[in-house]
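Q: Below is the file upload.txt, with compact mmCIF, C-alpha atoms and all ligand atoms.
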```txt
# COMPACT_ATOMS: atom_id res chain seq x y z
CA MET B 1 0.00 0.00 0.00
CA PRO B 2 1.55 3.33 -0.96
CA ARG B 3 1.41 5.90 1.82
CA LYS B 4 -1.01 8.73 1.12
CA ALA B 5 0.75 12.04 1.69
CA LEU B 6 -0.51 14.51 4.28
CA ILE B 7 0.09 18.20 3.66
CA ALA B 8 -0.45 20.12 6.89
CA ALA B 9 -0.57 23.82 7.69
CA ASN B 10 0.72 24.91 11.10
CA TRP B 11 -0.53 28.46 11.48
CA LYS B 12 1.21 28.91 14.85
CA MET B 13 -0.03 32.08 16.65
CA TYR B 14 -1.30 33.88 13.55
CA LYS B 15 -4.71 34.99 12.20
CA THR B 16 -7.91 36.39 13.66
CA PRO B 17 -11.19 34.50 13.18
CA ALA B 18 -12.05 36.80 10.25
CA GLU B 19 -8.67 36.15 8.62
CA ALA B 20 -8.98 32.42 9.23
CA LYS B 21 -12.45 32.34 7.62
CA ALA B 22 -11.20 34.36 4.64
CA PHE B 23 -8.32 31.88 4.22
CA VAL B 24 -10.63 28.85 4.17
CA ASP B 25 -13.11 30.51 1.80
CA ALA B 26 -10.31 31.29 -0.65
CA PHE B 27 -8.44 28.01 -0.14
CA LEU B 28 -11.22 25.44 -0.59
CA PRO B 29 -11.89 26.23 -4.26
CA LEU B 30 -8.13 25.99 -4.95
CA VAL B 31 -7.98 22.41 -3.66
CA ALA B 32 -11.51 21.24 -4.54
CA GLY B 33 -11.47 17.64 -5.72
CA HIS B 34 -7.81 17.16 -4.75
CA ASP B 35 -7.65 13.69 -3.25
CA ARG B 36 -4.11 12.56 -4.08
CA ASP B 37 -3.05 13.95 -0.69
CA GLU B 38 -4.74 14.55 2.65
CA ILE B 39 -4.90 18.19 3.69
CA ALA B 40 -5.12 19.49 7.26
CA LEU B 41 -5.07 22.91 8.91
CA PHE B 42 -3.77 23.52 12.44
CA PRO B 43 -4.97 26.89 13.74
CA SER B 44 -4.85 28.32 17.29
CA PRO B 45 -7.54 26.94 19.64
CA VAL B 46 -9.71 30.10 19.49
CA LEU B 47 -9.90 29.72 15.70
CA LEU B 48 -10.93 26.06 15.70
CA PRO B 49 -14.75 26.49 15.58
CA THR B 50 -14.49 29.10 12.82
CA VAL B 51 -12.12 27.03 10.69
CA ILE B 52 -13.98 23.75 11.28
CA ASN B 53 -17.31 25.31 10.31
CA ALA B 54 -15.85 26.96 7.24
CA ALA B 55 -14.21 23.67 6.10
CA LYS B 56 -17.20 21.43 6.91
CA GLY B 57 -17.95 18.90 4.16
CA SER B 58 -14.70 19.65 2.32
CA ASN B 59 -11.54 17.61 1.76
CA VAL B 60 -9.72 19.66 4.41
CA ALA B 61 -9.36 18.35 7.98
CA VAL B 62 -8.74 20.57 10.99
CA GLY B 63 -6.77 19.92 14.15
CA ALA B 64 -5.12 21.50 17.16
CA GLN B 65 -1.51 22.60 17.54
CA ASN B 66 -1.39 21.10 21.03
CA ILE B 67 -3.50 19.19 23.55
CA HIS B 68 -3.09 18.47 27.22
CA PHE B 69 -2.52 14.87 28.31
CA ALA B 70 -5.17 15.06 31.04
CA GLU B 71 -8.80 14.43 30.11
CA GLU B 72 -9.87 17.52 32.05
CA GLY B 73 -8.87 19.40 35.17
CA ALA B 74 -7.33 22.50 36.68
CA TYR B 75 -4.85 23.27 33.88
CA THR B 76 -5.29 26.96 33.18
CA GLY B 77 -4.68 27.90 29.57
CA GLU B 78 -4.75 24.34 28.23
CA THR B 79 -7.08 22.51 25.81
CA SER B 80 -8.28 18.94 26.34
CA VAL B 81 -8.71 16.31 23.70
CA GLY B 82 -12.43 16.14 24.60
CA GLN B 83 -12.78 19.86 23.94
CA LEU B 84 -11.06 19.42 20.58
CA LEU B 85 -13.39 16.57 19.62
CA ALA B 86 -16.46 18.49 20.80
CA VAL B 87 -15.79 21.28 18.29
CA GLY B 88 -15.10 18.77 15.51
CA GLY B 89 -11.29 18.67 15.44
CA THR B 90 -9.81 15.38 14.22
CA HIS B 91 -6.03 15.82 14.45
CA THR B 92 -3.45 17.30 16.78
CA LEU B 93 0.20 18.22 16.62
CA ILE B 94 2.21 16.90 19.56
CA GLY B 95 5.65 18.01 20.71
CA HIS B 96 6.31 20.71 18.13
CA SER B 97 9.84 22.04 18.66
CA GLU B 98 8.41 25.41 19.74
CA ARG B 99 6.47 23.59 22.48
CA ARG B 100 9.65 21.79 23.48
CA GLN B 101 11.78 24.96 23.37
CA TYR B 102 9.44 27.56 24.94
CA PHE B 103 7.08 25.42 27.04
CA ALA B 104 9.49 22.79 28.33
CA GLU B 105 7.78 19.82 26.70
CA THR B 106 9.84 16.69 27.20
CA ASP B 107 9.72 13.33 25.46
CA GLU B 108 7.84 12.06 28.53
CA ILE B 109 5.12 14.71 28.13
CA VAL B 110 4.96 14.02 24.38
CA ASN B 111 4.46 10.35 25.17
CA LYS B 112 1.61 11.07 27.62
CA LYS B 113 -0.09 13.30 25.04
CA LEU B 114 0.27 10.62 22.39
CA HIS B 115 -1.42 8.05 24.63
CA THR B 116 -4.28 10.47 25.28
CA ALA B 117 -4.76 11.30 21.58
CA LEU B 118 -4.81 7.63 20.56
CA LYS B 119 -7.21 6.72 23.36
CA HIS B 120 -9.69 9.27 21.98
CA GLN B 121 -9.12 8.54 18.28
CA VAL B 122 -7.55 11.89 17.51
CA ILE B 123 -4.90 11.58 14.78
CA PRO B 124 -1.56 12.62 16.30
CA ILE B 125 1.32 14.21 14.42
CA VAL B 126 4.35 13.74 16.65
CA CYS B 127 7.08 16.27 15.90
CA ILE B 128 10.76 15.50 16.36
CA GLY B 129 14.00 17.02 15.12
CA GLU B 130 17.51 18.04 16.06
CA VAL B 131 18.82 21.54 16.82
CA LEU B 132 21.75 22.99 14.87
CA ALA B 133 24.37 22.21 17.52
CA GLU B 134 23.29 18.57 17.55
CA ARG B 135 23.52 18.31 13.75
CA GLU B 136 26.94 19.96 13.75
CA ALA B 137 28.15 17.59 16.47
CA GLY B 138 27.06 14.59 14.38
CA GLN B 139 24.34 13.67 16.90
CA THR B 140 21.29 13.82 14.60
CA ALA B 141 20.65 10.07 14.45
CA GLU B 142 21.06 9.70 18.21
CA VAL B 143 18.71 12.61 18.95
CA LEU B 144 16.03 11.29 16.59
CA LYS B 145 16.28 7.81 18.10
CA THR B 146 15.94 9.16 21.63
CA GLN B 147 12.96 11.34 20.71
CA ILE B 148 11.12 8.61 18.83
CA THR B 149 11.79 6.00 21.51
CA GLY B 150 10.54 8.40 24.18
CA ALA B 151 7.46 9.38 22.19
CA LEU B 152 6.45 5.79 21.46
CA ALA B 153 7.00 4.33 24.94
CA GLY B 154 4.18 1.95 25.82
CA ILE B 155 2.53 2.23 22.40
CA THR B 156 1.66 -1.14 20.85
CA ALA B 157 1.84 -2.02 17.16
CA GLU B 158 -1.95 -2.52 17.21
CA ALA B 159 -2.54 1.03 18.47
CA ALA B 160 0.03 2.72 16.26
CA ALA B 161 -1.80 2.92 12.91
CA PRO B 162 -3.09 6.51 13.26
CA ILE B 163 0.31 7.95 14.26
CA VAL B 164 2.00 10.39 11.91
CA ILE B 165 5.55 11.60 12.57
CA ALA B 166 6.88 14.98 11.46
CA TYR B 167 10.63 15.41 11.10
CA GLU B 168 11.34 19.10 11.61
CA PRO B 169 15.02 19.98 11.96
CA VAL B 170 14.86 22.94 14.33
CA TRP B 171 17.51 24.86 12.39
CA ALA B 172 15.27 24.80 9.30
CA ILE B 173 12.14 26.20 10.98
CA GLY B 174 11.34 29.77 10.03
CA THR B 175 14.92 30.33 8.88
CA GLY B 176 14.54 29.86 5.13
CA LYS B 177 17.17 27.08 5.44
CA THR B 178 15.63 23.88 4.19
CA ALA B 179 17.15 20.47 4.68
CA THR B 180 18.09 19.19 1.25
CA PRO B 181 15.78 16.43 0.01
CA GLU B 182 18.68 14.02 0.59
CA MET B 183 19.21 15.17 4.20
CA ALA B 184 15.49 14.91 4.91
CA ALA B 185 15.21 11.48 3.28
CA GLU B 186 18.20 10.24 5.30
CA ALA B 187 16.64 11.43 8.56
CA HIS B 188 13.31 9.86 7.58
CA SER B 189 14.92 6.51 6.95
CA ILE B 190 16.65 6.66 10.35
CA ILE B 191 13.26 7.37 11.93
CA ARG B 192 11.53 4.60 9.97
CA GLY B 193 14.28 2.17 10.97
CA GLU B 194 13.76 3.05 14.60
CA VAL B 195 9.98 2.61 14.29
CA ALA B 196 10.66 -0.83 12.79
CA LYS B 197 12.76 -1.78 15.82
CA LEU B 198 10.12 -0.52 18.24
CA LEU B 199 6.87 -1.53 16.53
CA GLY B 200 7.80 -3.92 13.74
CA ALA B 201 8.30 -3.78 10.00
CA ASP B 202 4.61 -3.50 9.08
CA VAL B 203 4.00 -0.42 11.23
CA ALA B 204 7.25 1.13 9.94
CA ALA B 205 6.28 0.54 6.31
CA ALA B 206 2.87 2.13 6.80
CA ILE B 207 3.70 5.07 9.07
CA ARG B 208 3.75 8.48 7.44
CA ILE B 209 6.74 10.71 8.08
CA LEU B 210 6.28 14.36 7.10
CA TYR B 211 9.05 16.88 6.57
CA GLY B 212 8.80 20.38 8.04
CA GLY B 213 11.14 23.37 7.97
CA SER B 214 10.94 26.18 5.40
CA VAL B 215 8.81 24.18 2.93
CA LYS B 216 7.82 26.60 0.14
CA PRO B 217 6.10 26.22 -3.25
CA ASP B 218 9.48 26.24 -4.97
CA ASN B 219 11.09 23.43 -2.94
CA ALA B 220 8.01 21.28 -2.27
CA THR B 221 8.29 19.14 -5.39
CA ALA B 222 11.93 18.19 -4.76
CA LEU B 223 11.19 17.27 -1.15
CA LEU B 224 7.88 15.51 -1.70
CA SER B 225 9.02 13.44 -4.63
CA LYS B 226 11.42 11.58 -2.32
CA GLU B 227 9.94 8.19 -1.55
CA GLU B 228 10.82 8.53 2.15
CA ILE B 229 8.94 11.84 2.51
CA ASP B 230 5.21 11.31 3.03
CA GLY B 231 4.03 14.88 3.26
CA ALA B 232 4.88 18.26 4.68
CA LEU B 233 4.21 20.31 7.81
CA VAL B 234 4.27 23.90 6.62
CA GLY B 235 4.56 27.04 8.75
CA GLY B 236 5.09 30.42 7.06
CA ALA B 237 4.11 29.33 3.56
CA SER B 238 0.79 27.92 4.82
CA LEU B 239 -0.58 31.32 5.82
CA LYS B 240 -1.61 32.35 2.30
CA PRO B 241 -4.12 30.29 0.28
CA ASP B 242 -2.07 30.61 -2.92
CA SER B 243 1.23 29.41 -1.53
CA PHE B 244 -0.30 26.64 0.59
CA SER B 245 -2.42 25.34 -2.30
CA ALA B 246 0.68 25.39 -4.52
CA ILE B 247 2.45 23.17 -1.98
CA VAL B 248 -0.59 20.85 -1.76
CA LYS B 249 -0.52 20.50 -5.54
CA TYR B 250 3.30 20.11 -5.78
P1 LIG B 301 8.28 27.12 8.58
O1 LIG B 301 7.63 26.42 7.40
O2 LIG B 301 7.83 28.53 8.75
O3 LIG B 301 9.76 26.94 8.58
O4 LIG B 301 7.73 26.34 9.89
C1 LIG B 301 7.85 24.97 9.96
C2 LIG B 301 7.09 24.48 11.14
O5 LIG B 301 7.46 24.71 12.27
C3 LIG B 301 5.86 23.73 10.89
O6 LIG B 301 5.41 23.11 12.05
```
If you took the structure in this file and wrote it as C-alpha cells, what would it be?
A:
Amino acid sequence: MPRKALIAANWKMYKTPAEAKAFVDAFLPLVAGHDRDEIALFPSPVLLPTVINAAKGSNVAVGAQNIHFAEEGAYTGETSVGQLLAVGGTHTLIGHSERRQYFAETDEIVNKKLHTALKHQVIPIVCIGEVLAEREAGQTAEVLKTQITGALAGITAEAAAPIVIAYEPVWAIGTGKTATPEMAAEAHSIIRGEVAKLLGADVAAAIRILYGGSVKPDNATALLSKEEIDGALVGGASLKPDSFSAIVKY
C-alpha cells in the first residue's frame, strides 16, 4: 500500500477569526477535488470552531496545535482532547519544537499526550527534530532515536496505525534554510528504521513521516518526490491560500 501524503498547515499564533475564515473561503476552491493527498489545517484553539465550520464537508481536515494529556482538570490555559473533539477537530500536533523549546515539553510529556490522543481517536502528528548544535556535532541520528523512543514508549503495534511523525530539523524552521531532500530522506529513513525496531516492519512501512522546515512552493516538489517523505508540515508558507495550495498540488 503506498502511503497517502498529508500536507499540513501549522498556522502557529497567527490569524484572527475573520482572517482564518477568509483563508478557508479562498483556499477550498483551490484544492476542490484534490484527493491525491490529505490536507489538514492547524490553527490556534480560538480559531478552531471558525475554521472547522468553514471547512465542513470539504476535503480539508482541521486539528489543534497542542492538547493536554489530562482528560480535564485545573490546567489553566490548556485545551483537552475532549474539547477538541467536541468542536469537531480530528487531528493534533504533539511536541512541536516550539512547544519543546518555549514550554518545556519533554519526550515524557509528548508520550503522555500521544497516549491520550490515541485513546480518543484523535490523529496525532508527533514532531521531532535536532537543533543545529546537535547536527553539527554529528548527533542527529542519536537525537532522533531518543525522541522517537521516548514518544512511542508503551505504544503497541496494534494502536500505532493513526500515528504520523513529522521530522522538523529545528535549524530549518522559520529560517529559510531547508534540509536538502537528501538530508530529509536520510533522517526519515533513520526514523523509519527506529519505528521498525520498536513496533515492527509492518508499522514502519505504513507510518507516514512528514518533513517540516521552510517548505515553500518552490522546494516542495523536490522534497515531496522523495519516496521517504510522506508529506509536509508547513509554517510560514501555509498562511496564504495561494502558496499553501501550490504546496498541496506540488
Ligand atoms: P516554517 O515552514 O515557517 O519553517 O515552519 C515549519 C514548522 O514549524 C511547521 O510546524
Q: Please indicate the distance in Å from CA of Gln101 in chain B to CA of Arg208 in chain B, rounded to one decimal place.
A: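 That distance, rounded to one decimal, is 24.3 Å.
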Q: For the contact check between chain B and ligand LIG 301 (chain B), emit one row per residue of chain B within 9 Å, containing the shortest atom pair and the distance in Å rounded to one decimal, counting all atoms listed in the file, chain then rising number order, as a tab-separated table.
A:
```
residue	atom	partner	partner_atom	distance
B:Ala8	CA	B:LIG301	C3	8.3
B:Ala9	CA	B:LIG301	C3	7.2
B:Asn10	CA	B:LIG301	O6	5.1
B:Trp11	CA	B:LIG301	C3	8.0
B:Lys12	CA	B:LIG301	O6	7.7
B:Gln65	CA	B:LIG301	O6	8.8
B:Leu93	CA	B:LIG301	O6	8.5
B:His96	CA	B:LIG301	O6	6.6
B:Ser97	CA	B:LIG301	O5	7.3
B:Glu98	CA	B:LIG301	O5	7.6
B:Cys127	CA	B:LIG301	O6	8.0
B:Ala166	CA	B:LIG301	O6	8.3
B:Glu168	CA	B:LIG301	O5	6.9
B:Pro169	CA	B:LIG301	O5	8.9
B:Val170	CA	B:LIG301	O5	7.9
B:Trp171	CA	B:LIG301	O3	8.9
B:Ala172	CA	B:LIG301	O3	6.0
B:Ile173	CA	B:LIG301	O3	3.5
B:Gly174	CA	B:LIG301	O3	3.6
B:Thr175	CA	B:LIG301	O3	6.2
B:Gly176	CA	B:LIG301	O3	6.6
B:Lys177	CA	B:LIG301	O3	8.0
B:Thr178	CA	B:LIG301	O3	7.9
B:Tyr211	CA	B:LIG301	C3	8.7
B:Gly212	CA	B:LIG301	C1	5.1
B:Gly213	CA	B:LIG301	O3	3.9
B:Ser214	CA	B:LIG301	O3	3.5
B:Val215	CA	B:LIG301	O1	5.1
B:Lys216	CA	B:LIG301	O1	7.3
B:Ala232	CA	B:LIG301	C3	8.3
B:Leu233	CA	B:LIG301	C3	4.9
B:Val234	CA	B:LIG301	O1	4.3
B:Gly235	CA	B:LIG301	O1	3.4
B:Gly236	CA	B:LIG301	O2	3.7
B:Ala237	CA	B:LIG301	O1	6.0
B:Ser238	CA	B:LIG301	O1	7.5
```
Q: Can you tell me how far CA of Tyr75 in chain B sits from CA of Gly88 in chain B, in Å to one decimal?
A: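 Taking CA of Tyr75 in chain B as the start and CA of Gly88 in chain B as the end point, the length is 21.5 Å.
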Q: State, in Å with one decimal place, the distance from CA of Glu130 in chain B to CA of Ala117 in chain B.
A: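 So the two atoms, CA of Glu130 in chain B and CA of Ala117 in chain B, lie 23.9 Å apart.
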Q: Rank nothing, just name the residue among B:Gln83, B:Phe27, B:Phe244, B:Phe69 nearest to Pro45 in chain B, using all atoms listed in the file.
A: B:Gln83
Q: Counting only C-alpha atoms, which of B:His188, B:Lys56, B:Lys4, B:Lys15 gets nearest to Leu223 in chain B?
A: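 Closest candidate: B:His188.
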Q: For Ser44 in chain B, please output as a count of residues only all residues within 12 Å (counting all atoms listed in the file; exclusion window: fewer than 3 positions along the same chain).
A: 29
Q: Tell me which of B:Ala157, B:Val110, B:Val164, B:Ile128 sits closest to Ala187 in chain B, counting all atoms listed in the file.
A: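 Using all atoms listed in the file, the shortest distance to Ala187 in chain B belongs to B:Ile128.
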Q: Ranking B:Ile109, B:Ala26, B:Val46, B:Ile123 by minimum distance to Ala61 in chain B and counting only C-alpha atoms, which one comes first?
A: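 Nearest to Ala61 in chain B: B:Ile123.
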Q: What's around range 140-153 of chain B at 6 Å? Count all atoms listed in the file, leave out sequence neighbours fewer than 2 positions away in its own chain, and write the answer as a PyMOL selection string.
A: chain B and resi 107+110-111+130+134-135+138+155
